[in-house]
file coords_4.tsv (TSV, C-alpha atoms and all ligand atoms)
chain	number	residue	atom	x	y	z
W	213	MET	CA	-8.23	13.29	5.75
W	214	HIS	CA	-10.81	11.27	7.66
W	215	ILE	CA	-14.12	10.83	5.86
W	216	PHE	CA	-17.53	10.08	7.37
W	217	PHE	CA	-21.11	9.33	6.32
W	218	PRO	CA	-23.57	11.62	8.12
W	219	SER	CA	-27.12	10.74	9.17
W	220	ARG	CA	-28.56	13.99	7.90
W	221	ARG	CA	-27.89	17.43	6.56
W	222	SER	CA	-29.14	20.71	7.89
W	223	LYS	CA	-28.65	23.91	5.92
W	224	ASP	CA	-24.91	24.43	6.32
W	225	SER	CA	-23.87	21.42	8.39
W	226	PHE	CA	-23.99	17.65	8.68
W	227	ILE	CA	-24.94	15.52	11.68
W	228	LEU	CA	-23.03	12.39	12.62
W	229	GLN	CA	-24.70	9.75	14.76
W	230	GLY	CA	-24.39	6.08	15.72
W	231	GLU	CA	-21.47	4.11	14.34
W	232	GLU	CA	-20.08	7.05	12.37
W	233	LEU	CA	-20.09	9.18	15.52
W	234	ARG	CA	-18.20	6.38	17.28
W	235	HIS	CA	-15.62	6.32	14.50
W	236	PHE	CA	-15.34	10.09	14.69
W	237	LYS	CA	-14.65	9.97	18.43
W	238	VAL	CA	-12.10	7.14	18.15
W	239	ARG	CA	-10.11	9.30	15.70
W	240	ARG	CA	-9.89	12.10	18.30
W	241	ILE	CA	-10.49	14.80	15.70
W	242	LYS	CA	-9.47	18.24	16.90
W	243	LYS	CA	-11.55	21.37	16.45
W	244	GLU	CA	-9.35	22.89	13.77
W	245	GLU	CA	-8.92	19.62	11.88
W	246	LYS	CA	-10.76	19.34	8.55
W	247	VAL	CA	-12.79	16.22	7.79
W	248	GLY	CA	-14.56	14.93	4.71
W	249	ILE	CA	-18.25	14.10	4.44
W	250	ILE	CA	-19.81	11.97	1.73
W	251	TRP	CA	-23.40	13.02	1.01
W	252	GLU	CA	-25.52	12.29	-2.04
W	253	GLU	CA	-22.51	11.28	-4.14
W	254	ASN	CA	-20.56	14.44	-3.27
W	255	LEU	CA	-17.61	15.08	-0.98
W	256	TYR	CA	-17.64	18.07	1.39
W	257	LEU	CA	-14.87	19.58	3.44
W	258	CYS	CA	-16.12	20.26	6.96
W	259	GLU	CA	-14.98	21.24	10.44
W	260	LEU	CA	-16.29	20.33	13.84
W	261	GLU	CA	-18.81	22.72	15.31
W	262	LYS	CA	-19.81	20.71	18.35
W	263	ALA	CA	-19.70	17.11	19.53
W	264	GLY	CA	-22.10	15.64	22.08
W	265	ASN	CA	-22.89	12.14	23.29
W	266	LYS	CA	-25.61	11.49	20.71
W	267	GLU	CA	-24.37	13.48	17.76
W	268	ALA	CA	-21.68	15.70	16.30
W	269	LYS	CA	-22.34	18.73	14.15
W	270	LEU	CA	-19.92	19.48	11.30
W	271	ARG	CA	-20.00	22.80	9.53
W	272	ILE	CA	-19.59	22.75	5.75
W	273	ILE	CA	-16.58	24.70	4.50
W	274	GLU	CA	-16.87	23.78	0.83
W	275	LYS	CA	-17.83	21.12	-1.68
W	276	VAL	CA	-14.74	19.29	-2.97
W	277	GLU	CA	-14.29	18.65	-6.69
W	278	THR	CA	-13.83	14.90	-7.17
W	279	LYS	CA	-13.12	12.80	-10.24
W	280	LYS	CA	-15.25	10.05	-11.68
W	281	PRO	CA	-13.96	7.58	-14.27
W	282	THR	CA	-15.05	8.45	-17.79
W	283	VAL	CA	-15.61	4.74	-18.45
W	284	ARG	CA	-18.33	2.68	-16.80
W	285	ILE	CA	-16.86	-0.66	-15.67
W	286	THR	CA	-19.08	-3.61	-14.81
W	287	LEU	CA	-17.09	-6.34	-13.11
W	288	ILE	CA	-18.79	-9.71	-13.54
W	289	GLN	CA	-16.92	-11.69	-10.94
W	290	ALA	CA	-17.31	-15.44	-10.35
W	291	VAL	CA	-17.65	-15.61	-6.56
W	292	PRO	CA	-14.49	-17.20	-5.12
W	293	VAL	CA	-15.10	-20.24	-2.90
W	294	GLU	CA	-13.03	-18.37	-0.35
W	295	LEU	CA	-15.50	-15.55	0.33
W	296	ARG	CA	-12.83	-13.33	1.87
W	297	THR	CA	-11.30	-13.08	-1.58
W	298	PHE	CA	-14.58	-11.65	-2.86
W	299	GLU	CA	-14.38	-9.02	-0.12
W	300	THR	CA	-10.88	-8.03	-1.27
W	301	ILE	CA	-12.24	-7.71	-4.80
W	302	LEU	CA	-15.11	-5.49	-3.62
W	303	GLN	CA	-12.74	-3.27	-1.66
W	304	LYS	CA	-10.26	-2.86	-4.51
W	305	SER	CA	-13.00	-2.39	-7.12
W	306	THR	CA	-14.37	0.49	-5.06
W	307	GLU	CA	-10.93	2.12	-4.88
W	308	LEU	CA	-10.51	1.68	-8.63
W	309	GLY	CA	-13.78	3.36	-9.57
W	310	VAL	CA	-15.62	0.26	-10.83
W	311	SER	CA	-19.30	1.18	-11.32
W	312	GLU	CA	-20.92	-2.14	-10.51
W	313	VAL	CA	-20.04	-5.66	-9.43
W	314	VAL	CA	-22.17	-8.59	-10.56
W	315	PRO	CA	-21.50	-11.76	-8.52
W	316	LEU	CA	-21.44	-14.69	-10.95
W	317	LEU	CA	-22.36	-18.29	-10.14
W	318	THR	CA	-20.37	-20.87	-12.10
W	319	GLU	CA	-19.41	-24.56	-11.93
W	320	ARG	CA	-16.44	-23.84	-9.67
W	321	SER	CA	-17.59	-20.69	-7.88
W	322	PHE	CA	-19.20	-20.30	-4.48
W	323	LYS	CA	-22.84	-21.15	-5.18
W	324	ASN	CA	-24.91	-20.72	-2.04
W	325	ARG	CA	-27.17	-17.76	-2.82
W	326	GLU	CA	-28.71	-17.74	0.64
W	327	ALA	CA	-25.32	-17.51	2.33
W	328	MET	CA	-24.45	-14.65	0.00
W	329	GLY	CA	-27.69	-12.89	0.95
W	330	LYS	CA	-26.59	-13.02	4.58
W	331	LYS	CA	-23.25	-11.43	3.67
W	332	ARG	CA	-24.83	-8.57	1.80
W	333	GLU	CA	-24.82	-6.13	4.70
W	334	ARG	CA	-21.17	-6.89	5.43
W	335	TRP	CA	-20.28	-6.43	1.76
W	336	GLU	CA	-22.10	-3.08	1.62
W	337	ARG	CA	-20.11	-2.01	4.66
W	338	ILE	CA	-16.82	-3.00	2.99
W	339	ILE	CA	-17.78	-0.85	-0.01
W	340	ARG	CA	-18.62	2.10	2.25
W	341	GLU	CA	-15.33	1.78	4.13
W	342	ALA	CA	-13.42	1.69	0.83
W	343	MET	CA	-15.32	4.81	-0.32
W	344	LYS	CA	-14.22	6.61	2.84
W	345	GLN	CA	-10.65	5.43	2.52
W	346	SER	CA	-10.31	6.41	-1.13
W	347	GLY	CA	-12.42	9.59	-1.13
W	348	ARG	CA	-14.83	8.12	-3.66
W	349	PRO	CA	-18.19	9.82	-3.11
W	350	TYR	CA	-20.30	7.87	-5.60
W	351	THR	CA	-21.51	4.36	-4.77
W	352	LEU	CA	-20.49	1.03	-6.23
W	353	GLU	CA	-23.60	-0.89	-7.11
W	354	LEU	CA	-23.52	-4.47	-5.86
W	355	LYS	CA	-25.95	-6.56	-7.90
W	356	ASP	CA	-27.66	-9.83	-6.95
W	357	PRO	CA	-25.84	-13.03	-7.99
W	358	VAL	CA	-26.59	-14.33	-11.50
W	359	TYR	CA	-25.94	-17.42	-13.61
W	360	ILE	CA	-24.22	-17.23	-16.99
W	361	GLU	CA	-27.54	-17.78	-18.82
W	362	GLU	CA	-28.98	-14.66	-17.17
W	363	LEU	CA	-26.22	-12.45	-18.57
W	364	GLU	CA	-26.12	-10.55	-21.82
W	365	PRO	CA	-23.27	-8.37	-23.11
W	366	LYS	CA	-24.55	-4.88	-22.33
W	367	SER	CA	-21.43	-2.72	-22.56
W	368	GLU	CA	-19.71	-1.21	-25.57
W	369	LEU	CA	-16.83	-3.65	-24.97
W	370	ASN	CA	-17.49	-7.03	-23.35
W	371	ILE	CA	-14.47	-9.04	-22.24
W	372	ILE	CA	-13.91	-12.39	-20.57
W	373	LEU	CA	-10.49	-12.76	-18.95
W	374	ASP	CA	-9.26	-16.17	-20.04
W	375	ASN	CA	-5.78	-17.38	-19.24
W	376	PHE	CA	-6.13	-20.16	-21.87
W	377	SER	CA	-6.95	-17.75	-24.67
W	378	ASN	CA	-4.40	-17.51	-27.46
W	379	GLY	CA	-6.28	-14.66	-29.05
W	380	LYS	CA	-6.21	-11.08	-27.89
W	381	ARG	CA	-3.85	-9.68	-25.32
W	382	VAL	CA	-5.04	-6.74	-23.29
W	383	LYS	CA	-2.79	-4.44	-25.34
W	384	ASP	CA	-4.54	-5.52	-28.54
W	385	LEU	CA	-7.78	-3.98	-27.29
W	386	GLU	CA	-8.88	-0.62	-28.62
W	387	LEU	CA	-9.74	1.00	-25.31
W	388	GLU	CA	-9.53	4.66	-26.25
W	389	GLY	CA	-12.91	6.33	-26.44
W	390	VAL	CA	-14.78	3.33	-25.04
W	391	LYS	CA	-17.45	4.48	-22.57
W	392	SER	CA	-18.50	1.16	-21.00
W	393	VAL	CA	-16.73	-2.13	-20.43
W	394	SER	CA	-17.96	-5.40	-18.91
W	395	LEU	CA	-15.21	-7.58	-17.53
W	396	VAL	CA	-15.82	-11.25	-16.68
W	397	VAL	CA	-13.39	-12.96	-14.28
W	398	GLY	CA	-13.38	-16.63	-13.26
W	399	PRO	CA	-13.18	-18.19	-9.77
W	400	GLU	CA	-10.01	-19.66	-8.18
W	401	GLY	CA	-10.46	-22.89	-10.12
W	402	GLY	CA	-11.12	-21.09	-13.39
W	403	PHE	CA	-13.95	-21.50	-15.89
W	404	SER	CA	-14.65	-24.79	-17.65
W	405	LYS	CA	-14.12	-24.81	-21.43
W	406	SER	CA	-17.86	-24.92	-22.03
W	407	GLU	CA	-18.43	-21.91	-19.77
W	408	VAL	CA	-15.89	-19.86	-21.71
W	409	ARG	CA	-17.64	-20.96	-24.91
W	410	ARG	CA	-21.00	-19.82	-23.58
W	411	PHE	CA	-19.55	-16.38	-22.97
W	412	THR	CA	-17.86	-16.15	-26.36
W	413	ASP	CA	-21.10	-17.34	-28.05
W	414	LYS	CA	-22.84	-14.38	-26.41
W	415	GLY	CA	-20.20	-12.04	-27.86
W	416	PHE	CA	-17.74	-11.66	-24.97
W	417	ILE	CA	-14.16	-11.35	-26.27
W	418	PRO	CA	-11.57	-13.64	-24.63
W	419	VAL	CA	-8.54	-11.68	-23.49
W	420	ARG	CA	-5.41	-12.79	-21.68
W	421	LEU	CA	-3.16	-10.87	-19.34
W	422	GLU	CA	0.59	-11.38	-19.64
W	423	PRO	CA	2.74	-13.05	-18.56
W	424	HIS	CA	1.51	-15.63	-16.00
W	425	VAL	CA	-1.58	-17.23	-14.56
W	426	LEU	CA	-3.02	-14.83	-11.98
W	427	ARG	CA	-5.21	-15.46	-9.00
W	428	SER	CA	-8.82	-14.49	-9.53
W	429	GLU	CA	-8.49	-11.34	-7.40
W	430	THR	CA	-5.26	-10.29	-9.13
W	431	ALA	CA	-6.89	-10.70	-12.55
W	432	ALA	CA	-9.94	-8.65	-11.48
W	433	ILE	CA	-7.93	-5.82	-9.95
W	434	VAL	CA	-5.34	-5.63	-12.72
W	435	GLY	CA	-8.04	-5.87	-15.41
W	436	ALA	CA	-10.14	-3.10	-13.86
W	437	GLY	CA	-7.02	-0.99	-13.19
W	438	ILE	CA	-5.87	-1.16	-16.79
W	439	ILE	CA	-9.31	-0.38	-18.19
W	440	VAL	CA	-10.05	2.55	-15.89
W	441	ASN	CA	-6.73	4.15	-16.83
W	442	LEU	CA	-6.76	3.48	-20.56
W	443	ALA	CA	-10.39	3.57	-21.64
W	444	GLY	CA	-12.84	6.41	-21.71
W	445	PRO	CA	-13.29	9.42	-23.92
H	501	LIG	N1	-6.82	-22.66	-11.91
H	501	LIG	C1	-6.98	-22.04	-13.16
H	501	LIG	C2	-6.64	-20.56	-13.07
H	501	LIG	C3	-7.80	-19.76	-12.71
H	501	LIG	S1	-7.33	-18.12	-12.42
H	501	LIG	C4	-6.03	-22.66	-14.15
H	501	LIG	O1	-5.35	-23.56	-13.79
H	501	LIG	O2	-6.02	-22.22	-15.25
H	501	LIG	C5	-8.89	-17.40	-12.10
H	501	LIG	C6	-9.40	-16.52	-13.20
H	501	LIG	O3	-8.59	-15.38	-13.33
H	501	LIG	C7	-9.47	-17.13	-14.58
H	501	LIG	O4	-10.65	-17.87	-14.78
H	501	LIG	C8	-9.43	-15.89	-15.47
H	501	LIG	O5	-10.70	-15.30	-15.58
H	501	LIG	C9	-8.51	-14.97	-14.69
H	501	LIG	N2	-7.10	-15.05	-15.09
H	501	LIG	C10	-6.06	-15.47	-14.36
H	501	LIG	N3	-4.90	-15.35	-15.03
H	501	LIG	C11	-5.20	-14.80	-16.21
H	501	LIG	C12	-4.45	-14.39	-17.35
H	501	LIG	N4	-3.14	-14.52	-17.40
H	501	LIG	N5	-5.12	-13.86	-18.38
H	501	LIG	C13	-6.45	-13.71	-18.37
H	501	LIG	N6	-7.22	-14.07	-17.34
H	501	LIG	C14	-6.62	-14.60	-16.26

call {"tool": "encode", "arguments": {"input": "coords_4.tsv", "output": "structure tokens", "more": "lines below"}}
Ligand code: SAH
result
Amino acid sequence: MHIFFPSRRSKDSFILQGEELRHFKVRRIKKEEKVGIIWEENLYLCELEKAGNKEAKLRIIEKVETKKPTVRITLIQAVPVELRTFETILQKSTELGVSEVVPLLTERSFKNREAMGKKRERWERIIREAMKQSGRPYTLELKDPVYIEELEPKSELNIILDNFSNGKRVKDLELEGVKSVSLVVGPEGGFSKSEVRRFTDKGFIPVRLEPHVLRSETAAIVGAGIIVNLAGP
């Protein structure tokens, strides 16, 4: 099903304009075809009432029941030097139901805050596209970049993924019943030893994924995927 973001709602219909109207037209949606609309964190099933040059009107058939993870995942992701990798992480995090992504600035991460500011609109668009693709009606909150010293463990379970850790494996974690998890992932070049120590001093638990060293994006996606499926009440 194709999903769109409308510009506004009238009583029993939604109005598509601008870029979303263009997308709608490119898809050549037929009159009898059902489409999805994301509005105020809900998904609606709609059908085309009329399409003009400036706008299309979609009549609401019903509100669709959608799922939301029972665990709140905060992904604290060191920004990869290759910014495209960060975009992949944003896209996959949205699909996986991650609640928020905090871009982290570290010794070996991408560090230019101004350049990241300029990307913000593009990143928001990637999140919106992933919401449409996956039928996720609630937003992923993209925070402003932070340094390690600005972070405090704020979830019930606070983890740093560390491939050098010889402590806990992910299967040693007690995930059942946990309502919020913060997950820290390093950049392509990894964290320095002192950075990992700063996190563990704050109370983040070092955890390793088996069996090999993963790329930053693989670690983030696998970590979030495991947590969203195993944690929660
Ligand atoms: N170049 C580094 C690897 C960095 S991988 C090295 O040689 O060690 C990038 C990040 O992904 C790491 O900082 C860590 O947070 C995460 N990661 C990768 N593989 C992992 C694993 N097996 N277990 C836990 N975390 C892992």

call {"tool": "residues_around", "arguments": {"input": "coords_4.tsv", "residues": "segment 358-370 of chain W", "least_positions_apart": "4", "cutoff": "12 Å", "atoms": "only C-alpha atoms", "output": "PyMOL selection string"}}
result
chain W and resi 283-291+313-319+321-325+328+354+385-398+403+406-419+439+443-444

call {"tool": "residues_near_ligand", "arguments": {"input": "coords_4.tsv", "ligand": "ligand LIG 501 (chain H)", "cutoff": "7 Å", "atoms": "all atoms listed in the file", "output": "list in words"}}
result
Ile372, Leu373, Asp374, Asn375, Phe376, Val396, Val397, Gly398, Pro399, Glu400, Gly401, Gly402, Phe403, Val419, Arg420, Leu421, Glu422, Pro423, His424, Val425, Leu426, Arg427, Ser428 and Ala431 of chain W

call {"tool": "closest_residue", "arguments": {"input": "coords_4.tsv", "among": "W:Glu326, W:Thr306, W:Ser222, W:Tyr350", "to": "Ile338 of chain W", "atoms": "only C-alpha atoms"}}
result
W:Thr306

call {"tool": "atom_distance", "arguments": {"input": "coords_4.tsv", "atom1": "atom CA of Val310 of chain W", "atom2": "atom CA of Thr282 of chain W"}}
result
10.8 Å

call {"tool": "atom_distance", "arguments": {"input": "coords_4.tsv", "atom1": "atom CA of Glu336 of chain W", "atom2": "atom CA of Pro292 of chain W"}}
result
17.4 Å

call {"tool": "residues_near_point", "arguments": {"input": "coords_4.tsv", "point": "(-18.6, 15.2, 2.3)", "cutoff": "12 Å", "atoms": "only C-alpha atoms", "output": "VMD selection string"}}
result
chain W and resid 213 to 221 224 to 228 246 to 259 270 to 278 343 to 344 347 to 350
